[in-house]
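Colleague: What follows is work-v1.cif, mmCIF, C-alpha atoms and all ligand atoms.
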```
data_coords
#
loop_
_atom_site.label_atom_id
_atom_site.label_comp_id
_atom_site.auth_asym_id
_atom_site.auth_seq_id
_atom_site.Cartn_x
_atom_site.Cartn_y
_atom_site.Cartn_z
CA MET K 93 38.29 -17.12 1.76
CA GLY K 94 37.07 -13.77 0.48
CA ILE K 95 37.53 -12.27 -2.97
CA ARG K 96 38.25 -8.60 -3.58
CA PHE K 97 38.29 -6.68 -6.83
CA ASP K 98 40.14 -3.43 -6.38
CA GLY K 99 39.56 -1.16 -9.39
CA VAL K 100 39.87 -4.02 -11.84
CA THR K 101 39.79 -2.91 -15.47
CA VAL K 102 40.01 -5.30 -18.42
CA ALA K 103 40.29 -4.14 -22.01
CA TYR K 104 40.53 -5.97 -25.32
CA GLY K 105 42.24 -4.00 -28.06
CA GLY K 106 41.34 -0.70 -26.41
CA ASP K 107 37.73 -1.76 -25.68
CA VAL K 108 37.05 -1.59 -21.95
CA VAL K 109 34.88 -4.61 -21.11
CA LEU K 110 35.28 -4.38 -17.32
CA ASP K 111 35.46 -0.85 -16.00
CA ALA K 112 37.20 -0.27 -12.66
CA LEU K 113 35.30 -2.97 -10.77
CA ASP K 114 35.31 -2.60 -6.98
CA LEU K 115 33.61 -5.54 -5.32
CA THR K 116 34.16 -7.65 -2.22
CA VAL K 117 32.88 -11.18 -1.73
CA ARG K 118 33.05 -12.04 1.97
CA PRO K 119 34.43 -15.34 3.23
CA GLY K 120 31.72 -17.98 2.87
CA GLU K 121 29.41 -15.69 0.95
CA VAL K 122 27.55 -16.52 -2.26
CA MET K 123 27.72 -13.50 -4.55
CA ALA K 124 25.77 -13.57 -7.79
CA LEU K 125 27.01 -11.55 -10.73
CA LEU K 126 23.81 -10.71 -12.59
CA GLY K 127 23.63 -8.88 -15.88
CA PRO K 128 22.75 -9.09 -19.56
CA SER K 129 24.88 -10.77 -22.19
CA GLY K 130 28.17 -8.99 -22.82
CA SER K 131 28.10 -6.99 -19.57
CA GLY K 132 31.45 -8.38 -18.39
CA LYS K 133 30.45 -11.15 -16.00
CA THR K 134 32.64 -13.90 -17.42
CA THR K 135 35.49 -11.43 -17.76
CA ALA K 136 35.26 -10.63 -14.04
CA LEU K 137 35.40 -14.35 -13.23
CA ARG K 138 38.34 -14.90 -15.53
CA ALA K 139 40.19 -12.09 -13.81
CA VAL K 140 39.77 -13.91 -10.47
CA ALA K 141 40.83 -17.24 -11.97
CA GLY K 142 43.84 -15.69 -13.66
CA PHE K 143 42.85 -16.34 -17.27
CA VAL K 144 42.77 -12.67 -18.13
CA ARG K 145 45.19 -9.97 -17.01
CA PRO K 146 43.72 -6.69 -15.81
CA ALA K 147 44.97 -3.54 -17.53
CA SER K 148 44.83 -1.99 -14.07
CA GLY K 149 43.62 -2.82 -10.58
CA ARG K 150 44.34 -5.75 -8.28
CA VAL K 151 42.61 -9.01 -7.37
CA PHE K 152 42.86 -10.34 -3.81
CA LEU K 153 42.00 -13.77 -2.42
CA GLY K 154 41.83 -13.30 1.32
CA ASP K 155 44.82 -11.07 2.11
CA ARG K 156 46.81 -12.36 -0.83
CA ASP K 157 47.29 -10.20 -3.91
CA VAL K 158 47.01 -12.84 -6.66
CA THR K 159 47.03 -10.48 -9.65
CA ASP K 160 50.43 -11.74 -10.81
CA LEU K 161 49.93 -15.43 -9.93
CA PRO K 162 49.23 -18.02 -12.62
CA PRO K 163 45.80 -19.74 -12.46
CA HIS K 164 47.01 -23.03 -10.99
CA ARG K 165 48.53 -21.29 -7.99
CA ARG K 166 45.35 -19.48 -6.94
CA GLY K 167 43.50 -22.34 -5.21
CA ILE K 168 40.34 -21.85 -7.21
CA GLY K 169 37.69 -24.26 -8.46
CA MET K 170 35.92 -23.11 -11.59
CA VAL K 171 33.00 -24.29 -13.68
CA VAL K 172 33.24 -22.53 -17.02
CA GLN K 173 30.29 -21.36 -19.08
CA GLN K 174 30.49 -24.28 -21.52
CA TYR K 175 31.29 -26.83 -18.85
CA ALA K 176 33.51 -28.86 -21.18
CA LEU K 177 34.26 -32.22 -19.62
CA PHE K 178 37.07 -34.19 -21.21
CA PRO K 179 35.07 -36.49 -23.49
CA HIS K 180 37.67 -39.28 -23.62
CA LEU K 181 38.00 -39.48 -19.82
CA LYS K 182 35.63 -41.33 -17.54
CA VAL K 183 33.75 -39.35 -14.88
CA ALA K 184 36.20 -40.33 -12.12
CA ASP K 185 39.18 -39.30 -14.24
CA ASN K 186 37.56 -35.99 -15.13
CA VAL K 187 37.16 -35.30 -11.42
CA ALA K 188 40.71 -36.48 -10.66
CA PHE K 189 42.18 -34.19 -13.29
CA GLY K 190 42.78 -31.15 -11.06
CA PRO K 191 44.36 -33.00 -8.12
CA ARG K 192 46.55 -35.02 -10.53
CA ALA K 193 47.80 -31.83 -12.16
CA HIS K 194 48.62 -30.59 -8.65
CA LYS K 195 50.61 -33.80 -7.97
CA VAL K 196 48.38 -34.78 -5.05
CA PRO K 197 49.32 -38.27 -3.70
CA ARG K 198 47.35 -41.08 -5.33
CA ALA K 199 45.52 -42.28 -2.21
CA GLU K 200 44.33 -38.77 -1.47
CA ILE K 201 43.14 -38.28 -5.04
CA ARG K 202 41.00 -41.39 -4.64
CA ASP K 203 39.46 -39.97 -1.46
CA ARG K 204 38.83 -36.57 -2.99
CA VAL K 205 37.21 -38.01 -6.12
CA ALA K 206 34.95 -40.22 -4.02
CA GLU K 207 33.99 -37.28 -1.81
CA ALA K 208 33.32 -34.87 -4.69
CA LEU K 209 31.19 -37.44 -6.52
CA GLU K 210 29.35 -38.20 -3.29
CA MET K 211 28.60 -34.51 -2.67
CA THR K 212 27.22 -34.04 -6.16
CA GLY K 213 25.24 -37.28 -6.14
CA MET K 214 27.30 -38.80 -8.95
CA ALA K 215 29.07 -41.66 -7.13
CA ALA K 216 27.19 -44.26 -9.15
CA TYR K 217 28.42 -42.83 -12.45
CA ALA K 218 32.18 -42.82 -11.82
CA GLY K 219 32.90 -45.30 -14.61
CA ARG K 220 30.87 -43.63 -17.36
CA HIS K 221 32.00 -41.32 -20.12
CA PRO K 222 30.48 -37.82 -20.39
CA ARG K 223 28.53 -38.78 -23.54
CA GLU K 224 26.70 -41.41 -21.46
CA LEU K 225 25.33 -38.75 -19.11
CA SER K 226 22.41 -36.32 -19.28
CA GLY K 227 23.07 -32.57 -19.35
CA GLY K 228 22.28 -32.25 -15.65
CA GLN K 229 24.58 -35.14 -14.76
CA GLN K 230 27.41 -33.63 -16.81
CA GLN K 231 26.78 -30.42 -14.93
CA ARG K 232 27.23 -32.22 -11.63
CA VAL K 233 30.47 -33.78 -12.81
CA ALA K 234 31.76 -30.34 -13.78
CA ILE K 235 30.97 -29.15 -10.25
CA ALA K 236 32.58 -32.26 -8.74
CA ARG K 237 35.68 -31.57 -10.81
CA ALA K 238 35.87 -28.05 -9.40
CA LEU K 239 35.37 -29.32 -5.83
CA ALA K 240 38.11 -31.95 -6.13
CA VAL K 241 40.83 -29.30 -6.04
CA ARG K 242 39.54 -28.37 -2.53
CA PRO K 243 39.13 -24.76 -3.54
CA ASP K 244 38.93 -21.81 -1.16
CA VAL K 245 36.94 -20.05 -3.82
CA LEU K 246 34.44 -21.48 -6.26
CA LEU K 247 33.70 -19.69 -9.52
CA LEU K 248 30.56 -20.82 -11.32
CA ASP K 249 29.81 -19.37 -14.74
CA GLU K 250 26.16 -19.96 -15.69
CA PRO K 251 26.42 -23.50 -14.35
CA LEU K 252 22.76 -24.27 -14.97
CA SER K 253 22.25 -22.60 -18.33
CA ALA K 254 22.10 -25.88 -20.24
CA LEU K 255 19.33 -27.34 -18.09
CA ASP K 256 15.56 -27.26 -18.45
CA ALA K 257 13.47 -25.43 -15.86
CA GLN K 258 12.75 -28.47 -13.70
CA LEU K 259 16.33 -29.77 -13.57
CA ARG K 260 17.48 -26.25 -12.94
CA SER K 261 15.38 -25.76 -9.84
CA GLY K 262 16.55 -29.16 -8.57
CA MET K 263 20.18 -28.21 -9.11
CA LEU K 264 19.61 -24.86 -7.42
CA ALA K 265 18.54 -26.70 -4.28
CA GLU K 266 21.61 -28.96 -4.63
CA LEU K 267 23.92 -25.96 -4.90
CA ALA K 268 22.35 -24.44 -1.80
CA ARG K 269 22.96 -27.70 0.05
CA LEU K 270 26.54 -27.86 -1.24
CA HIS K 271 27.12 -24.38 0.10
CA ARG K 272 25.83 -25.39 3.53
CA GLU K 273 28.32 -28.29 3.51
CA LEU K 274 31.20 -25.98 2.54
CA PRO K 275 30.45 -22.92 4.67
CA ASP K 276 33.96 -21.42 4.31
CA VAL K 277 34.10 -21.45 0.53
CA SER K 278 33.24 -18.15 -1.16
CA ILE K 279 31.20 -18.58 -4.30
CA LEU K 280 31.04 -16.15 -7.19
CA TYR K 281 28.11 -17.22 -9.31
CA VAL K 282 27.51 -15.75 -12.75
CA THR K 283 24.01 -15.79 -14.15
CA HIS K 284 21.65 -13.75 -16.24
CA ASP K 285 18.70 -15.45 -14.59
CA GLN K 286 17.30 -13.34 -11.77
CA VAL K 287 15.48 -16.27 -10.16
CA GLU K 288 18.80 -18.07 -9.73
CA ALA K 289 20.37 -14.96 -8.27
CA LEU K 290 17.46 -14.28 -5.91
CA THR K 291 17.30 -17.90 -4.77
CA LEU K 292 20.94 -18.64 -4.18
CA ALA K 293 22.83 -15.45 -3.46
CA ASP K 294 23.54 -13.72 -0.16
CA ARG K 295 24.21 -10.62 -2.23
CA ILE K 296 23.82 -9.72 -5.89
CA ALA K 297 26.15 -7.56 -7.95
CA VAL K 298 24.28 -6.15 -10.93
CA MET K 299 26.41 -5.53 -14.02
CA ASP K 300 25.61 -3.61 -17.17
CA ARG K 301 27.90 -2.44 -19.95
CA ALA K 302 31.16 -3.27 -18.19
CA ARG K 303 30.14 -1.54 -14.96
CA LEU K 304 28.83 -2.47 -11.56
CA GLN K 305 25.37 -0.87 -11.33
CA ALA K 306 24.43 -1.91 -7.81
CA CYS K 307 25.33 -4.38 -5.10
CA GLY K 308 23.21 -5.52 -2.19
CA THR K 309 21.11 -8.28 -0.72
CA PRO K 310 18.29 -9.49 -2.97
CA GLN K 311 15.80 -7.75 -0.67
CA GLU K 312 17.68 -4.44 -0.78
CA LEU K 313 17.89 -4.47 -4.56
CA TYR K 314 14.25 -5.46 -4.88
CA ARG K 315 12.76 -3.02 -2.37
CA ALA K 316 15.06 -0.07 -2.90
CA PRO K 317 16.81 -0.35 -6.28
CA ALA K 318 19.50 2.27 -6.80
CA ASN K 319 18.65 2.94 -10.43
CA GLU K 320 16.31 2.04 -13.29
CA PHE K 321 18.53 -0.69 -14.64
CA THR K 322 18.59 -2.49 -11.31
CA ALA K 323 14.84 -2.00 -10.82
CA SER K 324 14.02 -3.59 -14.15
CA PHE K 325 16.64 -6.35 -13.98
CA VAL K 326 15.84 -7.55 -10.46
CA GLY K 327 12.11 -8.34 -10.59
CA ASN K 328 9.44 -6.61 -12.68
CA ALA K 329 8.95 -2.90 -12.30
CA ASN K 330 6.69 -0.09 -13.43
CA LEU K 331 9.04 2.78 -14.20
CA LEU K 332 7.04 5.97 -14.61
CA PRO K 333 8.45 9.36 -15.57
CA VAL K 334 7.22 11.84 -12.96
CA THR K 335 7.76 15.44 -11.91
CA VAL K 336 8.77 16.15 -8.33
CA GLY K 337 6.44 18.41 -6.30
CA ALA K 338 6.17 19.25 -2.62
CA GLY K 339 5.69 16.02 -0.64
CA GLY K 340 5.17 13.90 -3.71
CA VAL K 341 5.30 13.67 -7.48
CA SER K 342 2.89 14.07 -10.36
CA LEU K 343 2.20 11.82 -13.32
CA GLY K 344 0.01 13.70 -15.77
CA ASP K 345 -2.90 14.92 -13.63
CA ALA K 346 -2.34 12.39 -10.86
CA GLU K 347 -0.76 13.56 -7.62
CA ILE K 348 1.22 10.79 -5.97
CA LYS K 349 2.43 10.71 -2.38
CA VAL K 350 5.91 9.25 -2.06
CA ASP K 351 9.10 9.90 -0.13
CA THR K 352 10.97 12.29 -2.43
CA GLY K 353 14.20 12.12 -0.45
CA GLY K 354 16.27 15.15 -1.36
CA ALA K 355 14.79 15.61 -4.85
CA LEU K 356 14.14 19.23 -5.78
CA PRO K 357 10.62 20.33 -6.76
CA GLY K 358 10.37 20.67 -10.53
CA ALA K 359 12.94 17.96 -11.20
CA THR K 360 12.07 14.95 -13.31
CA ALA K 361 12.53 11.49 -11.83
CA THR K 362 11.37 7.92 -12.24
CA LEU K 363 8.82 6.32 -9.96
CA CYS K 364 9.34 2.59 -9.41
CA VAL K 365 6.31 0.53 -8.34
CA ARG K 366 6.34 -3.26 -8.32
CA PRO K 367 3.34 -4.70 -10.26
CA HIS K 368 2.27 -6.99 -7.43
CA LEU K 369 1.98 -3.99 -5.09
CA VAL K 370 -0.56 -2.29 -7.37
CA GLY K 371 -4.21 -2.91 -6.44
CA LEU K 372 -7.46 -2.51 -8.33
CA GLY K 373 -9.92 0.10 -7.05
CA ASP K 374 -9.64 3.26 -5.00
CA GLY K 375 -6.83 3.79 -2.52
CA PRO K 376 -4.21 6.21 -1.18
CA ASN K 377 -2.32 6.84 -4.42
CA ARG K 378 -4.76 6.46 -7.29
CA LEU K 379 -4.17 6.25 -11.03
CA THR K 380 -7.05 6.20 -13.49
CA GLY K 381 -6.86 4.80 -16.98
CA THR K 382 -8.24 2.28 -19.42
CA VAL K 383 -7.42 -1.40 -19.68
CA GLY K 384 -5.10 -2.04 -22.60
CA GLU K 385 -4.59 -5.72 -22.07
CA ILE K 386 -5.53 -8.37 -19.57
CA GLN K 387 -3.63 -11.62 -19.25
CA TRP K 388 -4.75 -14.59 -17.21
CA ARG K 389 -1.74 -16.36 -15.66
CA GLY K 390 -3.34 -19.07 -13.60
CA SER K 391 -3.11 -17.72 -10.06
CA THR K 392 -2.96 -14.07 -11.14
CA HIS K 393 -4.34 -11.62 -13.66
CA ARG K 394 -1.92 -9.18 -15.21
CA LEU K 395 -3.54 -5.90 -16.15
CA LEU K 396 -1.83 -3.47 -18.51
CA VAL K 397 -3.49 -0.12 -18.02
CA ASN K 398 -2.96 3.05 -20.05
CA VAL K 399 -2.51 5.93 -17.62
CA ALA K 400 -1.78 9.39 -19.03
CA GLY K 401 -0.01 7.86 -22.02
CA HIS K 402 1.99 5.36 -19.94
CA ARG K 403 1.50 1.66 -19.46
CA VAL K 404 1.06 0.55 -15.87
CA MET K 405 1.32 -3.12 -15.04
CA ALA K 406 -0.67 -4.62 -12.14
CA ASP K 407 -0.37 -8.25 -11.05
CA LEU K 408 -3.55 -9.10 -9.16
CA ARG K 409 -4.70 -12.24 -7.44
CA GLU K 410 -7.00 -14.00 -9.88
CA LEU K 411 -10.08 -11.79 -10.37
CA ARG K 412 -13.58 -13.27 -10.26
CA ASP K 413 -14.93 -10.59 -12.52
CA PRO K 414 -12.02 -9.17 -14.53
CA PRO K 415 -12.43 -5.94 -16.49
CA ALA K 416 -12.27 -6.08 -20.29
CA HIS K 417 -10.13 -4.30 -22.86
CA GLY K 418 -11.08 -0.61 -22.98
CA ASP K 419 -12.82 -0.53 -19.57
CA PRO K 420 -11.99 2.44 -17.35
CA VAL K 421 -10.29 1.34 -14.13
CA THR K 422 -8.73 2.87 -11.05
CA LEU K 423 -5.47 1.50 -9.66
CA HIS K 424 -3.87 2.28 -6.33
CA PHE K 425 -0.72 1.67 -4.36
CA ALA K 426 0.58 2.62 -0.93
CA PRO K 427 3.05 5.53 -0.70
CA GLU K 428 5.57 3.26 1.06
CA ASP K 429 5.43 0.75 -1.80
CA ALA K 430 6.83 3.23 -4.32
CA VAL K 431 10.47 4.27 -4.66
CA LEU K 432 11.59 7.45 -6.35
CA LEU K 433 14.67 7.00 -8.52
CA THR K 434 16.56 10.18 -9.19
CA ALA K 435 19.34 10.45 -11.74
CA GLY K 436 22.76 9.12 -10.90
CA VAL K 437 24.10 5.65 -10.40
CA GLY K 438 24.49 4.36 -6.91
CA ALA K 439 26.78 1.40 -6.37
CA ASP K 440 28.86 0.10 -3.56
CA GLY K 441 30.73 -3.09 -3.11
N1 LIG G 501 38.95 -12.66 -25.75
C1 LIG G 501 38.21 -11.60 -26.07
N2 LIG G 501 38.58 -10.73 -27.04
C2 LIG G 501 37.85 -9.64 -27.35
N3 LIG G 501 36.69 -9.32 -26.73
C3 LIG G 501 36.26 -10.14 -25.76
C4 LIG G 501 36.98 -11.31 -25.38
N4 LIG G 501 36.30 -11.92 -24.38
C5 LIG G 501 35.21 -11.16 -24.18
N5 LIG G 501 35.17 -10.08 -24.99
C6 LIG G 501 34.13 -9.04 -25.02
O1 LIG G 501 34.00 -8.53 -23.71
C7 LIG G 501 32.64 -8.21 -23.42
C8 LIG G 501 32.23 -8.88 -22.13
O2 LIG G 501 32.27 -10.30 -22.33
P1 LIG G 501 31.88 -11.31 -21.19
O3 LIG G 501 32.19 -12.67 -21.70
O4 LIG G 501 32.54 -10.90 -19.93
O5 LIG G 501 30.31 -11.08 -21.08
P2 LIG G 501 29.23 -11.83 -20.18
O6 LIG G 501 28.63 -10.81 -19.28
O7 LIG G 501 29.84 -13.04 -19.56
O8 LIG G 501 28.14 -12.25 -21.28
P3 LIG G 501 27.27 -13.61 -21.45
O9 LIG G 501 26.10 -13.48 -20.52
O10 LIG G 501 26.85 -13.57 -22.89
O11 LIG G 501 28.16 -14.77 -21.14
C9 LIG G 501 31.85 -8.65 -24.63
O12 LIG G 501 31.53 -7.53 -25.40
C10 LIG G 501 32.78 -9.58 -25.37
O13 LIG G 501 32.56 -9.53 -26.75
MG MG G 502 29.59 -15.05 -19.85
#
```
The structure in this file should be written as structure tokens.

Modeller:
Amino acid sequence: MGIRFDGVTVAYGGDVVLDALDLTVRPGEVMALLGPSGSGKTTALRAVAGFVRPASGRVFLGDRDVTDLPPHRRGIGMVVQQYALFPHLKVADNVAFGPRAHKVPRAEIRDRVAEALEMTGMAAYAGRHPRELSGGQQQRVAIARALAVRPDVLLLDEPLSALDAQLRSGMLAELARLHRELPDVSILYVTHDQVEALTLADRIAVMDRARLQACGTPQELYRAPANEFTASFVGNANLLPVTVGAGGVSLGDAEIKVDTGGALPGATATLCVRPHLVGLGDGPNRLTGTVGEIQWRGSTHRLLVNVAGHRVMADLRELRDPPAHGDPVTLHFAPEDAVLLTAGVGADG
């Protein structure tokens, strides 16, 4: 079942923390809400779950306007940011909590608990208490608990934040599998980790300072970010202040060929070039400068080059003969690998 935010605004004591959010999550889609701390991600989730009341705007689940419904009547499964399990209840009773509260018949509760624990790989732990589980296992129980209510919509708030990198990537794969097994359930997934968003999401909604900054598939946001915030938050980016000319832009003395769209000559804009698309040596668009820093990262070298007073980052496949600090170097990139960002925020939901 889909989720739709229609101009949803949330304010605390006059402070707007979610500003007229318009966003649609399609049925069966995984939408990541990606943004820095305090940008309003949890607030958006709470508005869907019914734990916070919008000052204005409506929330829809499918065709149903649920804005005035209490949380327990919305048919939602939620894993909150601090996935508090009930410490005094065994795993199975934690998972049974939702269906019991909904007065589901006892035999069916047993089936649902078994199924949810099975799906999350926790069947063997049904009789344990949360304190007898690792962080990752507790995480799975929290997800099982959300699944046991047979939700149409699953809200996950930083569900992997407590895990180390290795467990996290394992759980990411598990979540992807879970989604394949529940193809009709829409998932709204809050994270500030771009790898999680890029890995799991069909589309990403980028939030900053209470507002939606951009929404699109990971590829769209990566290849053609709508604004500087999105460019720097989804992947690494060189963001260079340039002046628009005819058929290109200039950075200091360097003339750069790039699609300028409708930008007017003389205007200032920002050129976005991904570091891994910058090469060393001569090429179509060339930048000359001196090496400020060089970092060896195993399979790559990262070069930080001073070009006309700006720092340009290039991620290169490991170099046999890397330049040293202070060496003059030439960098290049293809015109089609650069995107010109002009002022103004583009966002659609
Ligand atoms: N109950 C509340 N009363 C007052 N202000 C609140 C309340 N809940 C959240 N806020 C404020 O609303 C803003 C958005 O909070 P929110 O929890 O949505 O951020 P977030 O994007 O989830 O951040 P994080 O990544 O740190 O979890 C913050 O500035 C926060 O201080
Ligand atoms: Mg949060």

Colleague: Find the residues of chain K that sit at most 10 Å from ligand MG 502 (chain G); for each, write down the nearest two atoms and how far apart they are in Å, to one decimal. Count all atoms listed in the file. Sort by chain, then by number going up, and give it as a Markdown table.

Modeller:
```
| residue | atom | partner | partner_atom | distance |
| --- | --- | --- | --- | --- |
| K:Gly127 | CA | G:MG502 | MG | 9.5 |
| K:Pro128 | CA | G:MG502 | MG | 9.1 |
| K:Ser129 | CA | G:MG502 | MG | 6.8 |
| K:Gly130 | CA | G:MG502 | MG | 6.9 |
| K:Ser131 | CA | G:MG502 | MG | 8.2 |
| K:Gly132 | CA | G:MG502 | MG | 7.1 |
| K:Lys133 | CA | G:MG502 | MG | 5.5 |
| K:Thr134 | CA | G:MG502 | MG | 4.1 |
| K:Thr135 | CA | G:MG502 | MG | 7.2 |
| K:Ala136 | CA | G:MG502 | MG | 9.2 |
| K:Leu137 | CA | G:MG502 | MG | 8.8 |
| K:Arg138 | CA | G:MG502 | MG | 9.8 |
| K:Val172 | CA | G:MG502 | MG | 8.8 |
| K:Gln173 | CA | G:MG502 | MG | 6.4 |
| K:Gln174 | CA | G:MG502 | MG | 9.4 |
| K:Asp249 | CA | G:MG502 | MG | 6.7 |
| K:Glu250 | CA | G:MG502 | MG | 7.3 |
| K:Val282 | CA | G:MG502 | MG | 7.4 |
| K:Thr283 | CA | G:MG502 | MG | 8.0 |
| K:His284 | CA | G:MG502 | MG | 8.8 |
```

Colleague: Hey, what's within 9 Å of Ala206 (chain K) if we count all atoms listed in the file and toss same-chain stuff fewer than 4 positions away? As a list in words, please?

Modeller: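 Those residues are Ala184, Ile201, Arg202, Glu210, Met211, Ala215 and Ala218 of chain K.
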
Colleague: Which is closer to ligand LIG 501 (chain G) than all the others in K:Ala139, K:Leu255, K:Leu343, K:Leu239, using only C-alpha atoms and all ligand atoms?

Modeller: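 The shortest atom-to-atom distance to ligand LIG 501 (chain G) comes from K:Ala139.
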
Colleague: Residues within 6 Å of Ala359 (chain K), please, as a JSON list (two decimals) with C-alpha atoms, in the frame of the given file. Count only C-alpha atoms; anything in the same chain fewer than 2 positions from it doesn't count.

Modeller:
```
[["chain", "number", "residue", "atom", "x", "y", "z"],
["K", 335, "THR", "CA", 7.76, 15.44, -11.91],
["K", 336, "VAL", "CA", 8.77, 16.15, -8.33],
["K", 356, "LEU", "CA", 14.14, 19.23, -5.78],
["K", 357, "PRO", "CA", 10.62, 20.33, -6.76]]
```

Colleague: Set the distance at 8 Å and use all atoms listed in the file: which residues neighbour Leu332 (chain K) once local chain neighbours fewer than 2 positions away are removed? I'd like the list as an MDAnalysis selection string.

Modeller: chainID K and resid 330 334 343 362:364 402
